[in-house]
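> Sharing structure36.pdb here; it has PDB, C-alpha atoms.
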```pdb
ATOM      1  CA  MET A   1      96.170  97.674  89.549  1.00  0.00           C
ATOM      2  CA  ILE A   2      99.817  98.702  89.930  1.00  0.00           C
ATOM      3  CA  GLY A   3     101.430  95.915  91.947  1.00  0.00           C
ATOM      4  CA  HIS A   4     100.877  92.140  91.820  1.00  0.00           C
ATOM      5  CA  HIS A   5     101.563  90.799  95.285  1.00  0.00           C
ATOM      6  CA  THR A   6     101.071  87.167  96.250  1.00  0.00           C
ATOM      7  CA  ILE A   7     101.860  85.633  99.630  1.00  0.00           C
ATOM      8  CA  TRP A   8     102.405  81.987 100.526  1.00  0.00           C
ATOM      9  CA  ASP A   9     102.114  80.619 104.057  1.00  0.00           C
ATOM     10  CA  ILE A  10     103.610  77.147 103.902  1.00  0.00           C
ATOM     11  CA  TYR A  11     103.018  74.650 106.706  1.00  0.00           C
ATOM     12  CA  ASN A  12     104.493  71.220 107.464  1.00  0.00           C
ATOM     13  CA  CYS A  13     107.709  71.973 105.599  1.00  0.00           C
ATOM     14  CA  THR A  14     110.565  69.518 105.560  1.00  0.00           C
ATOM     15  CA  SER A  15     112.714  70.955 108.292  1.00  0.00           C
ATOM     16  CA  ILE A  16     116.087  70.406 106.616  1.00  0.00           C
ATOM     17  CA  LYS A  17     115.024  72.704 103.767  1.00  0.00           C
ATOM     18  CA  ILE A  18     114.264  75.643 106.028  1.00  0.00           C
ATOM     19  CA  LYS A  19     116.984  75.600 108.686  1.00  0.00           C
ATOM     20  CA  PHE A  20     119.798  77.202 106.721  1.00  0.00           C
ATOM     21  CA  VAL A  21     120.425  79.938 104.173  1.00  0.00           C
ATOM     22  CA  GLU A  22     121.637  77.734 101.298  1.00  0.00           C
ATOM     23  CA  PRO A  23     118.332  75.951 100.466  1.00  0.00           C
ATOM     24  CA  ILE A  24     116.262  79.119 100.890  1.00  0.00           C
ATOM     25  CA  LYS A  25     118.654  80.952  98.548  1.00  0.00           C
ATOM     26  CA  GLU A  26     118.127  78.122  96.085  1.00  0.00           C
ATOM     27  CA  ILE A  27     114.319  78.281  96.140  1.00  0.00           C
ATOM     28  CA  LEU A  28     114.202  82.092  95.822  1.00  0.00           C
ATOM     29  CA  ASN A  29     116.485  81.930  92.819  1.00  0.00           C
ATOM     30  CA  GLN A  30     114.379  79.134  91.303  1.00  0.00           C
ATOM     31  CA  ILE A  31     111.330  81.409  91.553  1.00  0.00           C
ATOM     32  CA  VAL A  32     113.223  84.250  89.862  1.00  0.00           C
ATOM     33  CA  THR A  33     114.190  81.950  87.000  1.00  0.00           C
ATOM     34  CA  GLU A  34     110.822  80.210  86.711  1.00  0.00           C
ATOM     35  CA  ILE A  35     108.781  83.378  86.287  1.00  0.00           C
ATOM     36  CA  HIS A  36     111.469  85.350  84.427  1.00  0.00           C
ATOM     37  CA  LEU A  37     112.171  88.097  86.927  1.00  0.00           C
ATOM     38  CA  THR A  38     115.304  90.264  86.956  1.00  0.00           C
ATOM     39  CA  LYS A  39     117.501  90.193  90.025  1.00  0.00           C
ATOM     40  CA  VAL A  40     119.112  93.420  91.269  1.00  0.00           C
ATOM     41  CA  SER A  41     120.602  92.209  94.564  1.00  0.00           C
ATOM     42  CA  GLU A  42     120.029  89.628  97.289  1.00  0.00           C
ATOM     43  CA  SER A  43     120.612  89.431 101.018  1.00  0.00           C
ATOM     44  CA  TYR A  44     120.349  86.596 103.562  1.00  0.00           C
ATOM     45  CA  LYS A  45     120.657  86.088 107.280  1.00  0.00           C
ATOM     46  CA  GLN A  46     121.289  82.862 109.178  1.00  0.00           C
ATOM     47  CA  PHE A  47     119.794  82.634 112.660  1.00  0.00           C
ATOM     48  CA  GLU A  48     121.272  80.453 115.411  1.00  0.00           C
ATOM     49  CA  PRO A  49     120.825  77.562 115.936  1.00  0.00           C
ATOM     50  CA  PHE A  50     118.562  77.541 112.877  1.00  0.00           C
ATOM     51  CA  GLY A  51     116.147  79.646 110.861  1.00  0.00           C
ATOM     52  CA  ALA A  52     116.844  81.872 107.910  1.00  0.00           C
ATOM     53  CA  THR A  53     115.584  84.960 106.182  1.00  0.00           C
ATOM     54  CA  GLY A  54     116.227  86.226 102.695  1.00  0.00           C
ATOM     55  CA  PHE A  55     115.326  88.869 100.195  1.00  0.00           C
ATOM     56  CA  ILE A  56     115.834  89.425  96.483  1.00  0.00           C
ATOM     57  CA  LEU A  57     115.436  92.959  95.193  1.00  0.00           C
ATOM     58  CA  LEU A  58     114.065  92.792  91.645  1.00  0.00           C
ATOM     59  CA  GLU A  59     113.778  95.186  88.739  1.00  0.00           C
ATOM     60  CA  GLU A  60     110.064  94.305  89.095  1.00  0.00           C
ATOM     61  CA  SER A  61     109.889  94.730  92.940  1.00  0.00           C
ATOM     62  CA  HIS A  62     110.852  91.940  95.401  1.00  0.00           C
ATOM     63  CA  ILE A  63     110.744  88.381  96.735  1.00  0.00           C
ATOM     64  CA  SER A  64     111.134  87.589 100.437  1.00  0.00           C
ATOM     65  CA  ILE A  65     111.327  84.474 102.581  1.00  0.00           C
ATOM     66  CA  HIS A  66     111.280  83.928 106.339  1.00  0.00           C
ATOM     67  CA  THR A  67     111.487  80.492 107.946  1.00  0.00           C
ATOM     68  CA  TRP A  68     110.502  79.157 111.364  1.00  0.00           C
ATOM     69  CA  PRO A  69     111.872  75.583 111.471  1.00  0.00           C
ATOM     70  CA  GLU A  70     110.526  75.145 115.003  1.00  0.00           C
ATOM     71  CA  HIS A  71     107.034  75.407 113.475  1.00  0.00           C
ATOM     72  CA  ASN A  72     107.915  73.811 110.092  1.00  0.00           C
ATOM     73  CA  PHE A  73     106.629  77.078 108.678  1.00  0.00           C
ATOM     74  CA  VAL A  74     107.783  79.340 105.835  1.00  0.00           C
ATOM     75  CA  ALA A  75     106.385  82.693 104.620  1.00  0.00           C
ATOM     76  CA  ILE A  76     107.145  83.765 101.052  1.00  0.00           C
ATOM     77  CA  ASP A  77     106.105  86.953  99.225  1.00  0.00           C
ATOM     78  CA  VAL A  78     106.415  87.806  95.551  1.00  0.00           C
ATOM     79  CA  PHE A  79     105.672  91.419  94.612  1.00  0.00           C
ATOM     80  CA  SER A  80     105.962  92.419  90.966  1.00  0.00           C
ATOM     81  CA  CYS A  81     104.902  95.347  88.807  1.00  0.00           C
ATOM     82  CA  ARG A  82     103.816  92.844  86.172  1.00  0.00           C
ATOM     83  CA  ALA A  83     101.550  89.805  86.404  1.00  0.00           C
ATOM     84  CA  PHE A  84     103.198  86.409  86.957  1.00  0.00           C
ATOM     85  CA  ASP A  85     102.200  82.762  86.916  1.00  0.00           C
ATOM     86  CA  ILE A  86     101.097  81.935  90.468  1.00  0.00           C
ATOM     87  CA  ASP A  87     100.389  78.271  89.634  1.00  0.00           C
ATOM     88  CA  LYS A  88     103.989  77.758  88.519  1.00  0.00           C
ATOM     89  CA  ILE A  89     105.199  79.024  91.887  1.00  0.00           C
ATOM     90  CA  ASN A  90     102.635  76.867  93.729  1.00  0.00           C
ATOM     91  CA  SER A  91     103.991  73.752  91.997  1.00  0.00           C
ATOM     92  CA  LEU A  92     107.564  74.727  92.693  1.00  0.00           C
ATOM     93  CA  LEU A  93     106.904  75.314  96.401  1.00  0.00           C
ATOM     94  CA  ASN A  94     104.795  72.210  96.779  1.00  0.00           C
ATOM     95  CA  SER A  95     107.570  70.064  95.360  1.00  0.00           C
ATOM     96  CA  TYR A  96     110.481  71.846  97.052  1.00  0.00           C
ATOM     97  CA  PHE A  97     109.067  71.912 100.573  1.00  0.00           C
ATOM     98  CA  GLU A  98     107.347  68.527 100.227  1.00  0.00           C
ATOM     99  CA  THR A  99     104.018  69.745 101.552  1.00  0.00           C
ATOM    100  CA  ASP A 100     100.638  70.510 100.078  1.00  0.00           C
ATOM    101  CA  GLU A 101      99.576  72.597 103.035  1.00  0.00           C
ATOM    102  CA  ILE A 102     100.133  75.912 101.328  1.00  0.00           C
ATOM    103  CA  LYS A 103      97.889  78.921 101.822  1.00  0.00           C
ATOM    104  CA  THR A 104      98.092  81.413  98.970  1.00  0.00           C
ATOM    105  CA  LYS A 105      96.667  84.922  98.973  1.00  0.00           C
ATOM    106  CA  VAL A 106      96.641  87.428  96.134  1.00  0.00           C
ATOM    107  CA  ILE A 107      96.828  91.087  97.166  1.00  0.00           C
ATOM    108  CA  LYS A 108      96.109  93.843  94.673  1.00  0.00           C
ATOM    109  CA  ARG A 109      98.408  96.801  95.332  1.00  0.00           C
ATOM    110  CA  GLY A 110      97.569 100.260  94.026  1.00  0.00           C
ATOM    111  CA  LEU A 111      94.072 100.534  92.619  1.00  0.00           C
ATOM    112  CA  ILE A 112      94.326 103.542  90.364  1.00  0.00           C
ATOM    113  CA  ASN A 113      91.087 104.671  88.679  1.00  0.00           C
ATOM    114  CA  GLN A 114      89.238 101.859  90.439  1.00  0.00           C
ATOM    115  CA  LEU A 115      87.322 101.544  93.645  1.00  0.00           C
ATOM    116  CA  LYS A 116      89.997 101.450  96.365  1.00  0.00           C
TER     117      LYS A 116
ATOM    118  CA  MET B   1     100.195  83.800 114.775  1.00  0.00           C
ATOM    119  CA  ILE B   2     103.861  83.707 113.760  1.00  0.00           C
ATOM    120  CA  GLY B   3     104.358  86.757 111.545  1.00  0.00           C
ATOM    121  CA  HIS B   4     102.917  90.266 111.855  1.00  0.00           C
ATOM    122  CA  HIS B   5     102.636  91.661 108.345  1.00  0.00           C
ATOM    123  CA  THR B   6     101.090  95.042 107.566  1.00  0.00           C
ATOM    124  CA  ILE B   7     100.873  96.648 104.144  1.00  0.00           C
ATOM    125  CA  TRP B   8     100.333 100.303 103.247  1.00  0.00           C
ATOM    126  CA  ASP B   9      99.098 101.474  99.855  1.00  0.00           C
ATOM    127  CA  ILE B  10      99.699 105.216  99.815  1.00  0.00           C
ATOM    128  CA  TYR B  11      98.015 107.429  97.206  1.00  0.00           C
ATOM    129  CA  ASN B  12      98.450 111.098  96.277  1.00  0.00           C
ATOM    130  CA  CYS B  13     102.026 111.199  97.544  1.00  0.00           C
ATOM    131  CA  THR B  14     104.149 114.293  97.135  1.00  0.00           C
ATOM    132  CA  SER B  15     106.066 113.354  94.040  1.00  0.00           C
ATOM    133  CA  ILE B  16     109.448 114.762  95.116  1.00  0.00           C
ATOM    134  CA  LYS B  17     109.509 112.332  98.063  1.00  0.00           C
ATOM    135  CA  ILE B  18     109.114 109.244  95.885  1.00  0.00           C
ATOM    136  CA  LYS B  19     111.218 109.884  92.795  1.00  0.00           C
ATOM    137  CA  PHE B  20     114.643 109.085  94.198  1.00  0.00           C
ATOM    138  CA  VAL B  21     116.367 106.653  96.538  1.00  0.00           C
ATOM    139  CA  GLU B  22     117.472 109.141  99.214  1.00  0.00           C
ATOM    140  CA  PRO B  23     114.023 110.074 100.637  1.00  0.00           C
ATOM    141  CA  ILE B  24     112.769 106.476 100.516  1.00  0.00           C
ATOM    142  CA  LYS B  25     115.897 105.345 102.358  1.00  0.00           C
ATOM    143  CA  GLU B  26     115.145 108.015 104.943  1.00  0.00           C
ATOM    144  CA  ILE B  27     111.542 106.924 105.560  1.00  0.00           C
ATOM    145  CA  LEU B  28     112.424 103.204 105.801  1.00  0.00           C
ATOM    146  CA  ASN B  29     115.090 103.997 108.367  1.00  0.00           C
ATOM    147  CA  GLN B  30     112.664 106.218 110.283  1.00  0.00           C
ATOM    148  CA  ILE B  31     110.269 103.260 110.511  1.00  0.00           C
ATOM    149  CA  VAL B  32     113.073 101.007 111.799  1.00  0.00           C
ATOM    150  CA  THR B  33     113.924 103.548 114.497  1.00  0.00           C
ATOM    151  CA  GLU B  34     110.336 104.400 115.382  1.00  0.00           C
ATOM    152  CA  ILE B  35     109.247 100.826 116.114  1.00  0.00           C
ATOM    153  CA  HIS B  36     112.610  99.629 117.426  1.00  0.00           C
ATOM    154  CA  LEU B  37     113.533  97.082 114.776  1.00  0.00           C
ATOM    155  CA  THR B  38     117.049  95.755 114.157  1.00  0.00           C
ATOM    156  CA  LYS B  39     118.587  96.305 110.738  1.00  0.00           C
ATOM    157  CA  VAL B  40     120.703  93.537 109.168  1.00  0.00           C
ATOM    158  CA  SER B  41     121.251  95.015 105.699  1.00  0.00           C
ATOM    159  CA  GLU B  42     119.585  97.306 103.168  1.00  0.00           C
ATOM    160  CA  SER B  43     119.448  97.572  99.394  1.00  0.00           C
ATOM    161  CA  TYR B  44     118.041 100.192  97.007  1.00  0.00           C
ATOM    162  CA  LYS B  45     117.562 100.676  93.293  1.00  0.00           C
ATOM    163  CA  GLN B  46     117.027 103.918  91.391  1.00  0.00           C
ATOM    164  CA  PHE B  47     114.932 103.688  88.231  1.00  0.00           C
ATOM    165  CA  GLU B  48     115.326 106.114  85.321  1.00  0.00           C
ATOM    166  CA  PRO B  49     114.090 108.784  84.927  1.00  0.00           C
ATOM    167  CA  PHE B  50     112.469 108.315  88.347  1.00  0.00           C
ATOM    168  CA  GLY B  51     111.035 105.715  90.693  1.00  0.00           C
ATOM    169  CA  ALA B  52     112.770 103.806  93.440  1.00  0.00           C
ATOM    170  CA  THR B  53     112.629 100.534  95.291  1.00  0.00           C
ATOM    171  CA  GLY B  54     114.172  99.543  98.587  1.00  0.00           C
ATOM    172  CA  PHE B  55     114.415  96.825 101.143  1.00  0.00           C
ATOM    173  CA  ILE B  56     115.679  96.490 104.699  1.00  0.00           C
ATOM    174  CA  LEU B  57     116.382  92.999 105.971  1.00  0.00           C
ATOM    175  CA  LEU B  58     115.677  92.899 109.697  1.00  0.00           C
ATOM    176  CA  GLU B  59     116.494  90.573 112.544  1.00  0.00           C
ATOM    177  CA  GLU B  60     112.687  90.502 112.880  1.00  0.00           C
ATOM    178  CA  SER B  61     111.938  89.947 109.112  1.00  0.00           C
ATOM    179  CA  HIS B  62     111.748  92.852 106.580  1.00  0.00           C
ATOM    180  CA  ILE B  63     110.529  96.246 105.373  1.00  0.00           C
ATOM    181  CA  SER B  64     110.052  97.013 101.672  1.00  0.00           C
ATOM    182  CA  ILE B  65     109.099 100.046  99.603  1.00  0.00           C
ATOM    183  CA  HIS B  66     108.245 100.479  95.914  1.00  0.00           C
ATOM    184  CA  THR B  67     107.311 103.821  94.384  1.00  0.00           C
ATOM    185  CA  TRP B  68     105.434 104.800  91.222  1.00  0.00           C
ATOM    186  CA  PRO B  69     105.864 108.594  90.950  1.00  0.00           C
ATOM    187  CA  GLU B  70     103.839 108.598  87.713  1.00  0.00           C
ATOM    188  CA  HIS B  71     100.851 107.519  89.834  1.00  0.00           C
ATOM    189  CA  ASN B  72     101.903 109.368  93.045  1.00  0.00           C
ATOM    190  CA  PHE B  73     101.722 105.907  94.596  1.00  0.00           C
ATOM    191  CA  VAL B  74     103.867 104.063  97.133  1.00  0.00           C
ATOM    192  CA  ALA B  75     103.589 100.504  98.500  1.00  0.00           C
ATOM    193  CA  ILE B  76     105.199  99.731 101.859  1.00  0.00           C
ATOM    194  CA  ASP B  77     105.321  96.425 103.762  1.00  0.00           C
ATOM    195  CA  VAL B  78     106.463  95.759 107.308  1.00  0.00           C
ATOM    196  CA  PHE B  79     106.812  92.093 108.280  1.00  0.00           C
ATOM    197  CA  SER B  80     107.976  91.279 111.797  1.00  0.00           C
ATOM    198  CA  CYS B  81     108.069  88.231 114.044  1.00  0.00           C
ATOM    199  CA  ARG B  82     106.882  90.457 116.885  1.00  0.00           C
ATOM    200  CA  ALA B  83     103.932  92.825 117.106  1.00  0.00           C
ATOM    201  CA  PHE B  84     104.571  96.502 116.366  1.00  0.00           C
ATOM    202  CA  ASP B  85     102.717  99.802 116.662  1.00  0.00           C
ATOM    203  CA  ILE B  86     100.837 100.254 113.369  1.00  0.00           C
ATOM    204  CA  ASP B  87      99.407 103.646 114.404  1.00  0.00           C
ATOM    205  CA  LYS B  88     102.907 105.042 114.881  1.00  0.00           C
ATOM    206  CA  ILE B  89     103.785 104.056 111.317  1.00  0.00           C
ATOM    207  CA  ASN B  90     100.490 105.469 110.010  1.00  0.00           C
ATOM    208  CA  SER B  91     101.310 108.857 111.536  1.00  0.00           C
ATOM    209  CA  LEU B  92     104.847 108.776 110.207  1.00  0.00           C
ATOM    210  CA  LEU B  93     103.712 107.963 106.659  1.00  0.00           C
ATOM    211  CA  ASN B  94     100.872 110.439 106.730  1.00  0.00           C
ATOM    212  CA  SER B  95     103.227 113.243 107.681  1.00  0.00           C
ATOM    213  CA  TYR B  96     106.152 112.192 105.471  1.00  0.00           C
ATOM    214  CA  PHE B  97     104.191 111.698 102.243  1.00  0.00           C
ATOM    215  CA  GLU B  98     101.786 114.570 102.984  1.00  0.00           C
ATOM    216  CA  THR B  99      98.679 112.539 102.219  1.00  0.00           C
ATOM    217  CA  ASP B 100      95.893 111.002 104.256  1.00  0.00           C
ATOM    218  CA  GLU B 101      94.882 108.651 101.475  1.00  0.00           C
ATOM    219  CA  ILE B 102      96.529 105.614 102.983  1.00  0.00           C
ATOM    220  CA  LYS B 103      95.037 102.130 102.830  1.00  0.00           C
ATOM    221  CA  THR B 104      96.361  99.830 105.546  1.00  0.00           C
ATOM    222  CA  LYS B 105      95.862  96.076 105.702  1.00  0.00           C
ATOM    223  CA  VAL B 106      96.950  93.695 108.459  1.00  0.00           C
ATOM    224  CA  ILE B 107      97.856  90.182 107.328  1.00  0.00           C
ATOM    225  CA  LYS B 108      98.286  87.388 109.858  1.00  0.00           C
ATOM    226  CA  ARG B 109     101.082  85.083 108.724  1.00  0.00           C
ATOM    227  CA  GLY B 110     101.366  81.555 110.076  1.00  0.00           C
ATOM    228  CA  LEU B 111      98.363  80.461 112.081  1.00  0.00           C
ATOM    229  CA  ILE B 112      99.722  77.648 114.204  1.00  0.00           C
ATOM    230  CA  ASN B 113      97.229  75.826 116.418  1.00  0.00           C
ATOM    231  CA  GLN B 114      94.474  78.040 115.062  1.00  0.00           C
ATOM    232  CA  LEU B 115      92.001  77.784 112.250  1.00  0.00           C
ATOM    233  CA  LYS B 116      94.041  78.477 109.104  1.00  0.00           C
TER     234      LYS B 116
END
```
As a first step, turn the structure in this file into structure tokens.


Amino acid sequence: MIGHHTIWDIYNCTSIKIKFVEPIKEILNQIVTEIHLTKVSESYKQFEPFGATGFILLEESHISIHTWPEHNFVAIDVFSCRAFDIDKINSLLNSYFETDEIKTKVIKRGLINQLK
Amino acid sequence: MIGHHTIWDIYNCTSIKIKFVEPIKEILNQIVTEIHLTKVSESYKQFEPFGATGFILLEESHISIHTWPEHNFVAIDVFSCRAFDIDKINSLLNSYFETDEIKTKVIKRGLINQLK
């Protein structure tokens, strides 16, 4: 497998954490630190009246976040060329967004010399 | 469903198209134009001696690309808050990377009021 891609669909999020850019910037950077990734650049967008989107380009690939405060919903992706600790990120997200309604899916990207 | 997320794992790519930033920037921007998305910002990284990664932050969410020229492999994601024409992107990628070995997967993000 070439790429390690995990997605998190997070429901029942504390709304104040997902309305604005600042807290989503904070959680993305916490993930980078927690699983020892290397940041290349980052970009964010604030929507009006609320809602935010963000992206960190990594040496290892990327992290993205998109929030829908009107649904208390957040979607996060971590894509890396090397394996990372998914449980660490689960704990971080669980605690940060104050919800345990998190659906995680692991996606194997690039099956070379294996059954595709 | 809140987010429309489709991933493409593209094998046997023409190596010259995936070694450097310029052609990957071109294909990401072609996708944006083709399915009428709205670009907020974009960021790219050239790896040495080859390999590239890129990201376009959209009003609608994001597009990402990561290339592994040593495996003739490319991973592309399109994530949008509104539905888009997957077949159009399939044709574009098929023609641009000169391969028909493309594995496409549709991922439904955020199942509100549905069985999660």

> Expanded to explicit residues, what is the ChimeraX specification (/A :<9) & /B for this file, as an NGL selection string?

:B and (2-3 or 8-11 or 40-45 or 47 or 53-59 or 61-62 or 64-66 or 68 or 71 or 73-75 or 103 or 109-112 or 116)

> Report the residues retrieved by the PyMOL selection byres ((chain A and resi 87) around 12) from the displayed file, expressed as a VMD selection string.

chain A and resid 6 8 31 34 to 35 84 to 86 88 to 94 102 104 106

> Mind pulling up the distance from CA of Gly51 in chain B to CA of Thr99 in chain B?

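That distance, rounded to one decimal, is 18.2 Å.
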
> Expressed in Å to a single decimal, how great is the separation between CA of Thr14 in chain A and CA of Asp77 in chain A?

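Between these atoms lies a distance of 19.1 Å.
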
> At what distance in Å, to one decimal, does CA of Val78 in chain A lie from CA of Ile27 in chain A?

12.4 Å

> Of the candidates A:His4, A:Val32, A:Phe50, A:Thr38, which one gets nearest to Lys19 in chain A if we count only C-alpha atoms?

A:Phe50

> Show me, as JSON, the centre and edge lengths in Å to one decimal of the axis-aligned box that covers every listed atom of range 59-76 of chain A with 6 Å on each side.


```
{"center_x": 110.1, "center_y": 84.5, "center_z": 101.9, "size_x": 19.4, "size_y": 33.4, "size_z": 38.3}
```
